[in-house]
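Worksheet for the structure shown next.
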Amino acid sequence: MRRLSSNEVRQLFLDFFESKGHKVEPSASLVPFEDPTLLWINSGVATLKKYFDGSVVPENPRITNAQKSIRTNDIENVGKTARHHTLFEMLGNFSIGEYFKEEAIEWAWEFLTEEKWLGLDPEKLYVTVYPEDTDAKMIWKEKIGLTDDHIIDVADNFWDIGAGPSGPDSEIFYDRGEAFNDLAENDPENYPGGENERWLEIWNLVFSEFNHKPDGTYEPLPNKNIDTGMGLERVVSILQDAPTNFETDLFMPIIEKVQALSGIKKYGENATDDISFKVIADHVRAVSFAIGDGALPSNEGRGYVLRRLLRRAVMHGKKLGIDKAFMFKLVPVVGNIMNSHYPEILEQEEFIVKVIKNEEERFHETINDGLTILNERISELKVNGEKTIAGSDIFKLYDTYGFPVELTEEFAQDEGFEVDHEGFEIEMTAQRDRARAARSGEKSMGIQTKLFAGLNDESLFVGYNKTTAMGILAVIATDEALVTTAKTGEQVRLIFDQTPFYAEMGGQIADKGIIKDTTGKIVAKVTDVKKAPAGQPLHTVEVLESLTVGETYKLEVDETLRNKITRNHTATHLLHQALKDILGEHANQAGSLVTQNHLRFDFTHFGQITQKELNEMEQIVNEKIWESLPVVTVETEIAKAKEMGAMALFGEKYGDLVRVVNVGDYSIELCGGVHVSNTSEIGIFKIISESGIGAGVRRIEAVTSEAAYNLLQTEQKRLNAVADLVKAQQTQDVVTKVQQLQTELKELQKENESLQAKLASDQAGDIFKNVQEVNGITIVSAEVDVNDMNQLRQLADQWKQKAVSNVLTLGFSKDGKVNLLTAVDDATIKKGFKAGDLIKTIAPLVGGGGGGRPDMAQAGGKNPAGLQDALAKVTEWVNEKK
């Protein structure tokens, strides 16, 4: 067995499969691209689903990758077990309809056991197989030479996630020896494949050979696939003879840095402290990579996951004696460990550090806020003689305020309180169910279709510089089959040997247009164009006259529509660079839409965007338009494109040859879309909206050219209408006129408030005369004629200034709603009377609820008929309290 670094293992794996004809795919972003079924990329195959379900045909059917992944379904186990992680790397090799079980098994064995590669002892390797998969068992026995005692049947060895590709799998285990045997000899889990520490699963080979149909039945796949996954962290722990994954070079530099920051705690000396070290080392990796890929902390979705990971790590830092923000100091350590394969951490170090530090500092404030709320709740419970903090209260602190559950428990115990774990779990389960329901309508992976399988007819897109072309019709497809003719009235999909029609891609919508025969007669209307699995433009058409495979047709794109689209697309590139100029390099694309009517650009950014910043962006884009910059597109190798400084767009996969769109050396991006030849063609650019659409993602919508002109015309008409309303002679006088009206309105409001105060004062004189006394406590309880809670509070202020009584209750009803206010003076509070308790007693009588401080509280309700009962209840409450 060779002792290798994690970087060496990763590279050896990729080199091995590249030598077997596989294309090395770079790790995709952790944030899924156009896949609403996933919160995070959670496996190596997650980014390749389009190949497995046949919706896209890869350039090379053999693929290998090292894919960063995040799973948070069992976050509570991180740090407590040897191998649970949030972020991990999955090394995988994949075959899309090409090689199958024999090659997958033989290559796995070769990589694991040959001295040139990992050099593991074959005697220490065991495999599990699906009992009905006799082929895999035969290969392991006859081709590899494993004995029966090294091959174990396991009924669970069948990979199935519902509708879509599925099949048996074969797992490979490494025997770490008796020193790691944590079970009794007769324990049913004491075998390769069981839940134990001795036999460590390192690789899973999935033989995807069936379609799991929606009706629950299975049928053979048109194309059988191979999907394998080997956990880097696990393999490295074996090669570095580490007790757990955490004692490897992937984690120890982080742990050593945490030790230095703590100054008082050492890893390996205390099991409880070790958990904290492990949690921090694990979580900072996940958070650093996720932020680098565009996710930002928030209260929803993946942003909520990040916030939870950060806060969990901070709390473990407190257990190690670290009371200040510290996680941000670990980012460079993570970057240095992973730099050979993931340079993005060090490249974005400044931004990642800024986000983490900001979140840590906010959390320290949150801890203080949460403690205040928790103390208030404990005080209320003590007054009521209760000794348990409800699960709903724990969940509210956790979910709304980000206050850690373990901290709530710690403070509860210090105060002699129990915690309602069961109630908390019920709330958490309900939240998880809501999250799952939000995504339940989406398919995880499509069912393979035979219709376009193996359809490799070449089709060349020639529409970058022209909108008409002659094309030979190569394919006609109905929903069920490939046919040779299409009849009038049918809707079919067509592939030509060449086409000027752009297929929807990269956010740019498809072209529309018409198809003519050689006589000039219109024979079809093109309504949409998408990519076929092998990449050909697939035209959806309404057939007007019969079409025949092999015939030549004239394809004409709607040029007016195309021009509008290209203007918006090039404007999107200018906007992207302007965003970076104004907000910073972290403002990366997170999605886009380019239509003939408008453009929409989503980007990563934490915090609000000011109107000043929007104005500056808009100004920059327009200046570039007016500079009449040339738009030059070249096709080159990906390495050369990067040398040119070309910016890759979010989530896109690029081949060896790419198109680089250079807008006057201002914006240089990789893009397969269609663009104007000069920025002057865009005319004018106008932002119409900016908003936040999710966790750390914002959206700008804008228009150009004719749409921008129409928008400005509409705005001008509105301004003219306002000028008429405010009696302005010219539109430039509108602001002055509006300011005058605002001044007049404020003066009238002051006059009105003065009158209202006088009326309230007059009313107070009458109300405060009616003072009741119960057991030595004086009470004023009355319905008043006021407009809002503000006037109610004014009456309460007068009551307090004049020391009218010990207890005050006022109420009014308006528009079917009721408002109540209670107040108690300081001397009476000391006797145990609290305004908050009183309001909670009487509010239900008006169909509502409320709360507040001991000296003042308020409530609202929807039952005006109960107001008099609520006011009458006050004397009864005082009498009972006494």
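By order of appearance in the structure tokens: chains A, B, ..., then residues from 1 within every chain, and ligands from 1 in the order shown.
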
Tell me, which residues of segment 656-701 of chain A carry DSSP helix (DSSP H, G or I), written as a PDB file with all heavy atoms, in the first residue's frame?
ATOM      1  N   THR A 679     -22.076  47.578 -30.531  1.00  0.00           N
ATOM      2  CA  THR A 679     -22.972  47.940 -29.421  1.00  0.00           C
ATOM      3  C   THR A 679     -23.947  49.047 -29.789  1.00  0.00           C
ATOM      4  O   THR A 679     -25.011  49.160 -29.174  1.00  0.00           O
ATOM      5  CB  THR A 679     -22.156  48.376 -28.195  1.00  0.00           C
ATOM      6  OG1 THR A 679     -21.311  49.486 -28.539  1.00  0.00           O
ATOM      7  CG2 THR A 679     -21.317  47.234 -27.667  1.00  0.00           C
ATOM      8  N   SER A 680     -23.620  49.846 -30.812  1.00  0.00           N
ATOM      9  CA  SER A 680     -24.525  50.939 -31.200  1.00  0.00           C
ATOM     10  C   SER A 680     -25.880  50.405 -31.650  1.00  0.00           C
ATOM     11  O   SER A 680     -26.890  51.123 -31.597  1.00  0.00           O
ATOM     12  CB  SER A 680     -23.899  51.783 -32.307  1.00  0.00           C
ATOM     13  OG  SER A 680     -23.662  50.999 -33.469  1.00  0.00           O
ATOM     14  N   GLU A 681     -25.917  49.143 -32.098  1.00  0.00           N
ATOM     15  CA  GLU A 681     -27.180  48.550 -32.539  1.00  0.00           C
ATOM     16  C   GLU A 681     -28.171  48.388 -31.385  1.00  0.00           C
ATOM     17  O   GLU A 681     -29.372  48.257 -31.604  1.00  0.00           O
ATOM     18  CB  GLU A 681     -26.917  47.183 -33.180  1.00  0.00           C
ATOM     19  CG  GLU A 681     -26.071  47.232 -34.441  1.00  0.00           C
ATOM     20  CD  GLU A 681     -25.715  45.838 -34.943  1.00  0.00           C
ATOM     21  OE1 GLU A 681     -26.582  44.948 -34.857  1.00  0.00           O
ATOM     22  OE2 GLU A 681     -24.575  45.649 -35.400  1.00  0.00           O
ATOM     23  N   ILE A 682     -27.671  48.366 -30.144  1.00  0.00           N
ATOM     24  CA  ILE A 682     -28.553  48.198 -28.981  1.00  0.00           C
ATOM     25  C   ILE A 682     -29.400  49.446 -28.770  1.00  0.00           C
ATOM     26  O   ILE A 682     -30.531  49.362 -28.301  1.00  0.00           O
ATOM     27  CB  ILE A 682     -27.719  47.894 -27.719  1.00  0.00           C
ATOM     28  CG1 ILE A 682     -26.907  46.612 -27.926  1.00  0.00           C
ATOM     29  CG2 ILE A 682     -28.608  47.752 -26.481  1.00  0.00           C
ATOM     30  CD1 ILE A 682     -25.899  46.328 -26.821  1.00  0.00           C
TER      31      ILE A 682
END

inquiry  = Residues within 10 Å of segment 374-383 of chain A, please, as a ChimeraX atom specification. Count only C-alpha atoms; anything in the same chain fewer than 3 positions from it doesn't count.
reply    = /A:368-371,386-389,393-394,397,403,408,411-412,415,417,832,836-837,853

Saved selection, atoms kept: C-alpha atoms, as a PDB file, in the first residue's frame:
ATOM      1  CA  ASN A 368     -27.222  38.203  22.820  1.00  0.00           C
ATOM      2  CA  ASP A 369     -30.696  38.872  21.360  1.00  0.00           C
ATOM      3  CA  GLY A 370     -31.669  35.225  21.798  1.00  0.00           C
ATOM      4  CA  LEU A 371     -30.559  35.232  25.426  1.00  0.00           C
ATOM      5  CA  GLU A 386     -44.171  26.077  34.915  1.00  0.00           C
ATOM      6  CA  LYS A 387     -40.912  24.131  34.639  1.00  0.00           C
ATOM      7  CA  THR A 388     -40.744  23.094  30.961  1.00  0.00           C
ATOM      8  CA  ILE A 389     -39.792  25.144  27.901  1.00  0.00           C
ATOM      9  CA  ASP A 393     -40.578  28.072  21.980  1.00  0.00           C
ATOM     10  CA  ILE A 394     -37.320  26.190  21.341  1.00  0.00           C
ATOM     11  CA  LEU A 397     -35.689  30.629  18.989  1.00  0.00           C
ATOM     12  CA  PHE A 403     -30.480  30.519  18.479  1.00  0.00           C
ATOM     13  CA  THR A 408     -31.327  26.745  24.866  1.00  0.00           C
ATOM     14  CA  PHE A 411     -29.577  27.733  29.846  1.00  0.00           C
ATOM     15  CA  ALA A 412     -32.734  25.788  30.674  1.00  0.00           C
ATOM     16  CA  GLU A 415     -32.438  27.606  35.528  1.00  0.00           C
ATOM     17  CA  PHE A 417     -36.042  23.801  33.565  1.00  0.00           C
ATOM     18  CA  GLY A 832     -47.298  40.838  41.045  1.00  0.00           C
ATOM     19  CA  GLY A 836     -48.920  41.524  29.867  1.00  0.00           C
ATOM     20  CA  ASP A 837     -50.742  39.010  32.042  1.00  0.00           C
ATOM     21  CA  ARG A 853     -44.170  44.488  29.013  1.00  0.00           C
TER      22      ARG A 853
END

inquiry  = For Ile105 of chain A, find every residue with an atom within 9 Å (counting only C-alpha atoms), except residues of its own chain fewer than 4 positions away, and show them as number ranges by chain.
reply    = A: 100-101, 109-110, 136, 139-140, 144, 170, 205

task = Could you give me, as a PyMOL selection string, the residues within 12 Å of Asp273 of chain A, counting only C-alpha atoms and dropping anything in the same chain fewer than 2 positions from it?
result = chain A and resi 79-80+255+258-259+262+264-271+275-280+316-321

task = Write out as a PyMOL selection string which residues come within 12 Å of Ala242 of chain A when counting only C-alpha atoms, dropping same-chain ones fewer than 3 positions away.
result = chain A and resi 3+82-83+176+180+233-239+245-252

Counting only C-alpha atoms, what is within 9 Å of Gly231 of chain A, bar same-chain residues fewer than 6 positions away, as a compact mmCIF listing (two decimals) with C-alpha atoms, in the first residue's frame?
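Saved the output as out-v1.txt:
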# COMPACT_ATOMS: atom_id res chain seq x y z
CA PHE A 88 -17.06 15.53 0.64
CA GLU A 89 -15.47 14.59 -2.68
CA MET A 90 -16.79 11.76 -4.82
CA LEU A 91 -14.41 10.26 -7.34
CA GLY A 92 -16.36 8.62 -10.14
CA GLU A 201 -16.80 0.82 2.23
CA ILE A 202 -14.63 2.71 -0.25
CA TRP A 203 -16.29 2.30 -3.65

note = Between atom CA of Thr86 of chain A and atom CA of Met428 of chain A lies a distance of 19.3 Å

task = Find, counting only C-alpha atoms, the residue in A:Gln577, A:Asn806, A:Gln348, A:Thr81 that gets nearest to Pro332 of chain A.
result = A:Gln348

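Residue nearest Glu256 of chain A within the list A:Ala281, A:Gln742, A:Glu195, A:Ile767: A:Ala281 [criterion: smallest interatomic distance, only C-alpha atoms].
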
request  = Enumerate, as a list of chain:residue names, the complete set of residues in segment 733-779 of chain A that a backbone-based DSSP assignment places in strand (DSSP E).
outcome  =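 Here is the list: A:Gln772, A:Glu773, A:Val774, A:Ile777, A:Thr778, A:Ile779.
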
Selected residue of minimal separation from Asp511 of chain A among A:Lys49, A:Lys564, A:Arg10, A:Arg659, counting only C-alpha atoms =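 Smallest separation from Asp511 of chain A among the options: A:Lys564.
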
request  = Kindly indicate which residue among A:Ala571, A:Ile638, A:Ala835, A:Leu309 lies nearest to Lys624 of chain A, using only C-alpha atoms for the distances.
outcome  = A:Ala571

query = Suppose you want the space between atom CA of Pro26 of chain A and atom CA of Ala532 of chain A; what is it in Å?
reply = 23.5 Å

message = So, with only C-alpha atoms as the atoms that count, which of A:Glu876, A:Asp665, A:Glu219, A:Glu418 lies closest to Leu629 of chain A?
response = A:Asp665

ask   = Closest to Glu102 of chain A among A:Lys68, A:Val526, A:Lys143, A:Glu551, using only C-alpha atoms?
value =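 Under the stated criterion, the closest residue is A:Lys143.
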